[in-house]
$ cat coords.txt   # compact mmCIF, C-alpha atoms
# COMPACT_ATOMS: atom_id res chain seq x y z
CA MET A 1 29.71 18.68 34.62
CA PRO A 2 26.96 21.30 34.68
CA GLN A 3 23.96 20.59 32.51
CA SER A 4 23.64 24.19 31.43
CA GLU A 5 25.03 27.60 32.21
CA PHE A 6 23.52 31.06 32.03
CA ASP A 7 24.99 34.54 32.05
CA ILE A 8 22.41 37.03 33.25
CA ASN A 9 22.96 40.78 33.17
CA ILE A 10 20.35 42.90 34.94
CA GLY A 11 20.77 46.45 33.66
CA ALA A 12 20.43 49.50 35.90
CA ASP A 13 16.95 49.94 34.39
CA GLY A 14 15.93 46.31 35.00
CA MET A 15 16.37 45.13 31.41
CA VAL A 16 17.70 41.58 31.40
CA GLU A 17 20.20 40.14 28.93
CA LEU A 18 20.29 36.37 29.08
CA HIS A 19 22.96 34.17 27.54
CA VAL A 20 22.02 30.49 27.55
CA LYS A 21 24.87 28.04 27.07
CA GLY A 22 25.07 24.31 26.67
CA ILE A 23 21.43 23.61 25.80
CA LYS A 24 20.45 22.45 22.35
CA GLY A 25 17.22 22.52 20.38
CA LYS A 26 13.88 22.99 22.11
CA GLY A 27 15.43 22.74 25.57
CA CYS A 28 16.80 26.20 24.88
CA LEU A 29 13.32 27.49 24.07
CA GLU A 30 12.07 26.10 27.41
CA VAL A 31 14.71 28.09 29.24
CA VAL A 32 13.90 31.29 27.38
CA LYS A 33 10.19 30.73 28.08
CA LEU A 34 10.93 30.25 31.78
CA PHE A 35 12.87 33.51 32.02
CA GLU A 36 10.20 35.27 30.01
CA GLN A 37 7.64 34.23 32.61
CA ILE A 38 9.87 35.34 35.47
CA VAL A 39 11.07 38.67 34.05
CA GLY A 40 8.61 39.88 31.45
CA GLU A 41 8.43 40.57 27.76
CA LEU A 42 10.88 39.01 25.27
CA ARG A 43 12.29 41.83 23.13
CA GLU A 44 15.10 40.19 21.15
CA GLU A 45 16.35 36.68 20.63
CA GLN A 46 19.33 35.35 18.74
CA LYS A 47 19.92 31.64 18.34
CA THR A 48 23.42 30.33 17.71
CA SER A 49 24.43 27.17 15.87
CA GLU A 50 24.13 25.10 19.06
CA PHE A 51 20.40 25.71 19.04
CA TYR A 52 20.10 23.69 15.85
CA GLU A 53 22.05 20.69 17.13
CA PRO A 54 20.09 17.56 18.19
CA GLU A 55 18.45 18.34 21.50
CA GLU A 56 19.06 16.68 24.83
CA GLN A 57 16.40 15.83 27.37
CA VAL A 58 16.12 18.97 29.49
CA ARG A 59 13.08 19.80 31.59
CA PHE A 60 12.34 22.89 33.62
CA GLN A 61 9.31 23.48 35.77
CA ILE A 62 7.38 26.44 34.42
CA ASP A 63 4.65 28.02 36.49
CA GLN A 64 3.56 31.52 37.33
CA LYS A 65 4.03 32.81 40.84
CA TYR A 66 3.37 36.25 42.29
CA MET B 67 45.36 30.07 2.49
CA PRO B 68 46.29 29.89 6.19
CA GLU B 69 43.52 32.34 7.10
CA LEU B 70 40.89 30.10 5.53
CA LEU B 71 42.23 27.07 7.39
CA LEU B 72 42.19 28.98 10.64
CA LEU B 73 38.61 30.07 9.99
CA LEU B 74 37.51 26.52 9.20
CA ARG B 75 39.26 25.23 12.33
CA GLU B 76 37.52 27.87 14.46
CA LEU B 77 34.12 27.04 12.92
CA LEU B 78 34.72 23.33 13.59
CA ARG B 79 35.77 24.08 17.19
CA VAL B 80 32.60 26.14 17.78
CA ALA B 81 30.39 23.52 16.13
CA LEU B 82 31.79 20.72 18.30
CA SER B 83 31.91 22.69 21.54
CA ASN B 84 29.25 22.40 24.20
CA ASP B 85 30.37 25.62 25.86
CA HIS B 86 29.29 28.19 23.31
CA MET B 87 26.02 30.04 23.63
CA SER B 88 22.88 28.57 22.21
CA ALA B 89 20.75 31.68 22.62
CA VAL B 90 21.03 35.31 23.61
CA CYS B 91 17.92 37.25 24.46
CA ILE B 92 16.80 40.58 25.87
CA LEU B 93 13.86 40.70 28.27
CA ALA B 94 11.97 43.83 29.31
CA PRO B 95 10.78 43.72 32.92
CA VAL B 96 7.17 43.65 34.02
CA VAL B 97 6.61 44.48 37.69
CA ILE B 98 3.69 42.55 39.18
CA ALA B 99 4.01 42.39 42.94
CA ALA B 100 2.14 42.54 46.19
CA TRP B 101 2.91 45.61 48.31
CA PRO B 102 5.40 43.89 50.68
CA THR B 103 7.46 42.62 47.73
CA PHE B 104 7.33 45.98 45.99
CA SER B 105 8.23 47.95 49.11
CA ALA B 106 11.18 45.61 49.79
CA ALA B 107 12.50 46.46 46.31
CA VAL B 108 12.00 50.17 47.04
CA VAL B 109 13.94 49.93 50.31
CA ALA B 110 16.82 48.04 48.65
CA ALA B 111 16.96 50.44 45.69
CA ALA B 112 16.79 53.48 47.95
CA ALA B 113 19.63 52.18 50.12
CA SER B 114 21.80 51.51 47.05
CA LEU B 115 21.42 55.16 46.02
CA GLY B 116 21.98 56.64 49.47
CA TYR B 117 18.35 57.32 50.41
CA GLU B 118 16.96 56.68 53.86
CA VAL B 119 13.51 55.33 54.54
CA ALA B 120 11.62 58.31 55.93
CA SER B 121 8.42 56.64 57.03
CA GLU B 122 6.02 53.90 56.17
CA ALA B 123 3.20 55.32 58.27
CA SER B 124 0.69 56.48 55.71
CA LYS B 125 -0.84 59.43 57.56
CA GLU B 126 2.54 60.88 58.41
CA VAL B 127 3.72 60.61 54.81
CA VAL B 128 0.57 62.22 53.47
CA ALA B 129 1.11 65.07 55.91
CA ILE B 130 4.67 65.50 54.65
CA ALA B 131 3.52 65.53 51.05
CA ALA B 132 0.81 68.05 51.82
CA THR B 133 3.16 70.53 53.49
CA PRO B 134 3.30 73.56 51.16
CA GLU B 135 7.04 74.20 51.67
CA ILE B 136 7.96 70.66 50.74
CA ALA B 137 5.30 70.01 48.16
CA LYS B 138 6.51 72.67 45.75
CA ALA B 139 5.32 71.46 42.33
CA PRO B 140 5.91 67.81 43.13
CA VAL B 141 7.00 65.64 40.24
CA GLN B 142 4.67 62.71 39.62
CA LEU B 143 6.06 59.63 37.90
CA GLU B 144 4.76 56.17 37.16
CA ILE B 145 6.65 52.90 36.85
CA ALA B 146 5.85 51.54 33.38
CA HIS B 147 4.47 48.03 33.08
CA SER B 148 3.81 47.78 36.80
CA GLU B 149 0.96 46.47 38.88
CA VAL B 150 0.90 46.47 42.65
CA VAL B 151 -1.41 43.67 43.64
CA THR B 152 -3.40 44.15 46.81
CA THR B 153 -6.17 42.39 48.62
CA GLN B 154 -6.30 44.99 51.35
CA LEU B 155 -8.88 47.31 49.85
CA GLY B 156 -8.97 50.78 51.27
CA ARG B 157 -5.64 50.56 52.99
CA ASP B 158 -3.38 53.46 52.16
CA GLN B 159 -0.04 51.93 51.27
CA ARG B 160 2.81 54.39 50.90
CA LEU B 161 6.52 54.42 51.46
CA ALA B 162 8.70 57.53 51.65
CA VAL B 163 12.46 57.73 51.21
CA SER B 164 14.62 60.85 51.41
CA ARG B 165 18.07 62.16 50.47
CA ASP B 166 19.54 65.66 50.48
CA GLY B 167 16.21 67.35 51.22
CA VAL B 168 14.36 65.39 48.53
CA THR B 169 11.52 63.09 49.56
CA VAL B 170 10.18 60.43 47.20
CA ILE B 171 6.86 58.86 48.10
CA PHE B 172 5.98 55.54 46.49
CA SER B 173 2.38 54.42 46.37
CA ARG B 174 -0.13 52.37 44.44
CA ASP B 175 -2.29 54.61 42.26
CA ALA B 176 -6.00 54.21 41.58
CA ARG B 177 -5.30 51.96 38.57
CA GLY B 178 -3.04 49.72 40.61
CA ARG B 179 0.20 50.98 39.09
CA ALA B 180 3.27 51.83 41.11
CA SER B 181 3.71 55.58 41.19
CA LEU B 182 6.08 57.98 42.87
CA CYS B 183 5.86 61.59 43.90
CA VAL B 184 9.10 63.59 44.22
CA ASN B 185 9.15 66.59 46.57
CA GLY B 186 12.07 68.91 47.08
CA THR B 187 13.14 72.01 48.92
CA GLY B 188 14.49 74.36 46.27
CA GLN B 189 15.61 71.83 43.64
CA SER B 190 14.47 72.35 40.06
CA ASP B 191 11.67 70.17 38.73
CA GLU B 192 14.11 68.77 36.17
CA LEU B 193 16.49 67.62 38.91
CA LEU B 194 13.60 66.16 40.92
CA LYS B 195 12.45 64.30 37.80
CA GLN B 196 15.96 62.94 37.18
CA MET B 197 16.23 61.75 40.77
CA GLY B 198 12.79 60.15 40.59
CA GLU B 199 13.59 58.37 37.34
CA GLU B 200 16.94 57.13 38.65
CA LEU B 201 15.26 55.75 41.75
CA SER B 202 12.42 54.30 39.70
CA ARG B 203 14.88 52.39 37.47
CA ALA B 204 16.73 51.11 40.54
CA VAL B 205 13.45 49.84 42.03
CA VAL B 206 12.68 47.88 38.86
CA GLN B 207 16.21 46.46 38.85
CA GLN B 208 15.94 45.37 42.48
CA TYR B 209 12.52 43.84 41.87
CA VAL B 210 13.85 41.84 38.89
CA TYR B 211 16.98 40.79 40.81
CA ARG B 212 15.00 39.55 43.81
CA LYS B 213 12.42 37.77 41.70
CA LEU B 214 15.05 36.07 39.57
CA MET B 215 17.00 34.94 42.64
CA ASP B 216 13.86 33.55 44.34
CA GLU B 217 12.57 31.76 41.25
CA MET B 218 15.95 30.34 40.27
CA ARG B 219 16.67 29.06 43.78
CA SER B 220 13.25 27.38 43.92
CA ARG B 221 14.06 25.56 40.66
CA GLY B 222 17.50 24.36 41.72
CA PHE B 223 19.57 26.91 39.79
CA VAL B 224 22.84 27.76 41.50
CA VAL B 225 24.33 31.26 41.34
CA VAL B 226 28.09 30.65 41.11
CA ASP B 227 29.15 34.26 40.64
CA GLU B 228 27.60 37.66 41.23
CA GLN B 229 29.06 41.09 40.47
CA VAL B 230 27.84 44.67 40.44
CA ASN B 231 29.41 46.57 37.57
CA GLU B 232 30.38 50.24 37.43
CA ASP B 233 27.27 51.06 35.40
CA ARG B 234 25.19 49.58 38.28
CA SER B 235 24.20 46.53 36.24
CA ILE B 236 24.23 43.21 38.09
CA HIS B 237 25.91 40.21 36.50
CA LEU B 238 24.99 36.67 37.56
CA LYS B 239 26.59 33.42 36.43
CA VAL B 240 24.15 30.60 37.00
CA ARG B 241 24.34 26.82 36.58
CA HIS B 242 21.69 24.17 36.48
CA TRP B 243 22.15 20.44 36.76
CA GLU B 244 19.66 17.91 35.52
CA GLY B 245 17.77 15.93 38.14
$ encode --input "coords.txt" --output "structure tokens"
Amino acid sequence: MPQSEFDINIGADGMVELHVKGIKGKGCLEVVKLFEQIVGELREEQKTSEFYEPEEQVRFQIDQKY
Amino acid sequence: MPELLLLLRELLRVALSNDHMSAVCILAPVVIAAWPTFSAAVVAAAASLGYEVASEASKEVVAIAATPEIAKAPVQLEIAHSEVVTTQLGRDQRLAVSRDGVTVIFSRDARGRASLCVNGTGQSDELLKQMGEELSRAVVQQYVYRKLMDEMRSRGFVVVDEQVNEDRSIHLKVRHWEG
């Protein structure tokens, strides 16, 4: 089973809509932070009920590359 | 009260499901790239809109831009939130693409931002501006797409589905496994 799933829509103008699924708690924030570093500025964020469920151990490597 | 029971059942299903979304966010792109990365995005965007790469030889492109017949009130545009990183000081980096008698020259301006100059042969400035903005948006989209793909692959994300929609947006379905 996949650990997590993402739907990413890159608009014709480069704006990115990201749907994060299957990650609870702060693990979700890590993912959003990662995509923020890759794409750019976070404009809007909506958390669903899953965000508030007890978190699982999820780690992503975050670093800045050009 | 069947509606209430159905609503409660749906809420319970969502609360127990691991498949529903845990966050939805909108990210505005920032373009920070070295010239080779930026020019690759320009070439891909230009191809997607039917442009051909006219020349990458700087002197030739400058000569084209300076020709009075072609350089009729050229439209100058800038890609917002962009920075073309370079370590090659003094090197004139430009890339020209053309379609239907319109030439668009991309370059790095004095402040390091990505800029474009749109030259036409008889088209109105408004049309030239529209074409430049359309191409500019496509460049940003291609830059974001390529960067996302590179970064996600390097972190073990797997793209399981990819589609280009009618509105030119690109949809990716991505999975990530722990470990």
$ residues_around --input "coords.txt" --residues "Asn9 of chain A" --least-positions-apart "2" --cutoff "8 Å" --atoms "all atoms listed in the file" --output "ChimeraX atom specification"
/A:7,11,16-18 /B:235-238
$ interface_residues --input "coords.txt" --of "chain A" --to "chain B" --cutoff "7 Å" --atoms "only C-alpha atoms" --output "short mmCIF file (atom, residue, chain, number, x, y, z; two decimals) with C-alpha atoms, in the coordinates of the input"
data_model
loop_
_atom_site.label_atom_id
_atom_site.label_comp_id
_atom_site.auth_asym_id
_atom_site.auth_seq_id
_atom_site.Cartn_x
_atom_site.Cartn_y
_atom_site.Cartn_z
CA PRO A 2 26.96 21.30 34.68
CA GLN A 3 23.96 20.59 32.51
CA SER A 4 23.64 24.19 31.43
CA GLU A 5 25.03 27.60 32.21
CA PHE A 6 23.52 31.06 32.03
CA ASP A 7 24.99 34.54 32.05
CA ILE A 8 22.41 37.03 33.25
CA ASN A 9 22.96 40.78 33.17
CA ILE A 10 20.35 42.90 34.94
CA GLY A 11 20.77 46.45 33.66
CA ALA A 12 20.43 49.50 35.90
CA ASP A 13 16.95 49.94 34.39
CA GLY A 14 15.93 46.31 35.00
CA MET A 15 16.37 45.13 31.41
CA VAL A 16 17.70 41.58 31.40
CA GLU A 17 20.20 40.14 28.93
CA LEU A 18 20.29 36.37 29.08
CA HIS A 19 22.96 34.17 27.54
CA VAL A 20 22.02 30.49 27.55
CA LYS A 21 24.87 28.04 27.07
CA GLY A 22 25.07 24.31 26.67
CA ILE A 23 21.43 23.61 25.80
CA LYS A 24 20.45 22.45 22.35
CA GLU A 36 10.20 35.27 30.01
CA ILE A 38 9.87 35.34 35.47
CA VAL A 39 11.07 38.67 34.05
CA GLY A 40 8.61 39.88 31.45
CA GLU A 41 8.43 40.57 27.76
CA LEU A 42 10.88 39.01 25.27
CA ARG A 43 12.29 41.83 23.13
CA GLU A 44 15.10 40.19 21.15
CA GLU A 45 16.35 36.68 20.63
CA GLN A 46 19.33 35.35 18.74
CA LYS A 47 19.92 31.64 18.34
CA THR A 48 23.42 30.33 17.71
CA SER A 49 24.43 27.17 15.87
CA GLU A 50 24.13 25.10 19.06
CA PHE A 51 20.40 25.71 19.04
CA TYR A 66 3.37 36.25 42.29
#
$ atom_distance --input "coords.txt" --atom1 "atom CA of Cys183 of chain B" --atom2 "atom CA of Val108 of chain B"
13.3 Å
$ atom_distance --input "coords.txt" --atom1 "atom CA of Met197 of chain B" --atom2 "atom CA of Met215 of chain B"
26.9 Å
$ atom_distance --input "coords.txt" --atom1 "atom CA of Glu118 of chain B" --atom2 "atom CA of Gly167 of chain B"
11.0 Å
$ closest_residue --input "coords.txt" --among "B:Val168, B:Val141, B:Ala111, B:Ala162" --to "Thr187 of chain B" --atoms "only C-alpha atoms"
B:Val168
$ closest_residue --input "coords.txt" --among "B:Glu192, B:Glu232, B:Glu149, B:Glu69" --to "Ser173 of chain B" --atoms "only C-alpha atoms"
B:Glu149
$ axis_aligned_box --input "coords.txt" --around "segment 5-13 of chain A" --padding-each-side "5 Å" --output "lines of an AutoDock Vina configuration file"
center_x = 21.0
center_y = 38.8
center_z = 34.0
size_x = 18.1
size_y = 32.3
size_z = 13.9
$ residues_around --input "coords.txt" --residues "Ser164 of chain B" --least-positions-apart "2" --cutoff "12 Å" --atoms "only C-alpha atoms" --output "JSON, numbers by chain"
{"B": [108, 109, 112, 113, 115, 116, 117, 118, 119, 120, 121, 127, 130, 136, 161, 162, 166, 167, 168, 169, 170, 171, 172, 183, 184, 185, 186, 187, 194, 197, 198, 201]}
$ build_atoms --input "coords.txt" --residues "segment 23-34 of chain A" --atoms "N, CA and C atoms" --output "PDB file, in the coordinates of the input"
ATOM      1  N   ILE A  23      22.731  24.272  25.989  1.00  0.00           N
ATOM      2  CA  ILE A  23      21.430  23.610  25.800  1.00  0.00           C
ATOM      3  C   ILE A  23      21.089  23.662  24.317  1.00  0.00           C
ATOM      4  N   LYS A  24      20.720  22.524  23.783  1.00  0.00           N
ATOM      5  CA  LYS A  24      20.450  22.450  22.350  1.00  0.00           C
ATOM      6  C   LYS A  24      18.966  22.322  22.068  1.00  0.00           C
ATOM      7  N   GLY A  25      18.577  22.735  20.864  1.00  0.00           N
ATOM      8  CA  GLY A  25      17.220  22.520  20.380  1.00  0.00           C
ATOM      9  C   GLY A  25      16.150  23.152  21.234  1.00  0.00           C
ATOM     10  N   LYS A  26      15.041  22.419  21.433  1.00  0.00           N
ATOM     11  CA  LYS A  26      13.880  22.990  22.110  1.00  0.00           C
ATOM     12  C   LYS A  26      14.121  23.218  23.598  1.00  0.00           C
ATOM     13  N   GLY A  27      15.105  22.518  24.166  1.00  0.00           N
ATOM     14  CA  GLY A  27      15.430  22.740  25.570  1.00  0.00           C
ATOM     15  C   GLY A  27      15.791  24.196  25.802  1.00  0.00           C
ATOM     16  N   CYS A  28      16.415  24.794  24.798  1.00  0.00           N
ATOM     17  CA  CYS A  28      16.800  26.200  24.880  1.00  0.00           C
ATOM     18  C   CYS A  28      15.551  27.082  24.903  1.00  0.00           C
ATOM     19  N   LEU A  29      14.565  26.726  24.096  1.00  0.00           N
ATOM     20  CA  LEU A  29      13.320  27.490  24.070  1.00  0.00           C
ATOM     21  C   LEU A  29      12.608  27.424  25.420  1.00  0.00           C
ATOM     22  N   GLU A  30      12.699  26.250  26.079  1.00  0.00           N
ATOM     23  CA  GLU A  30      12.070  26.100  27.410  1.00  0.00           C
ATOM     24  C   GLU A  30      12.697  27.055  28.399  1.00  0.00           C
ATOM     25  N   VAL A  31      14.015  27.186  28.320  1.00  0.00           N
ATOM     26  CA  VAL A  31      14.710  28.090  29.240  1.00  0.00           C
ATOM     27  C   VAL A  31      14.294  29.538  28.986  1.00  0.00           C
ATOM     28  N   VAL A  32      14.275  29.914  27.720  1.00  0.00           N
ATOM     29  CA  VAL A  32      13.900  31.290  27.380  1.00  0.00           C
ATOM     30  C   VAL A  32      12.462  31.561  27.844  1.00  0.00           C
ATOM     31  N   LYS A  33      11.586  30.579  27.656  1.00  0.00           N
ATOM     32  CA  LYS A  33      10.190  30.730  28.080  1.00  0.00           C
ATOM     33  C   LYS A  33      10.108  30.912  29.602  1.00  0.00           C
ATOM     34  N   LEU A  34      10.908  30.139  30.311  1.00  0.00           N
ATOM     35  CA  LEU A  34      10.930  30.250  31.780  1.00  0.00           C
ATOM     36  C   LEU A  34      11.332  31.661  32.204  1.00  0.00           C
TER      37      LEU A  34
END
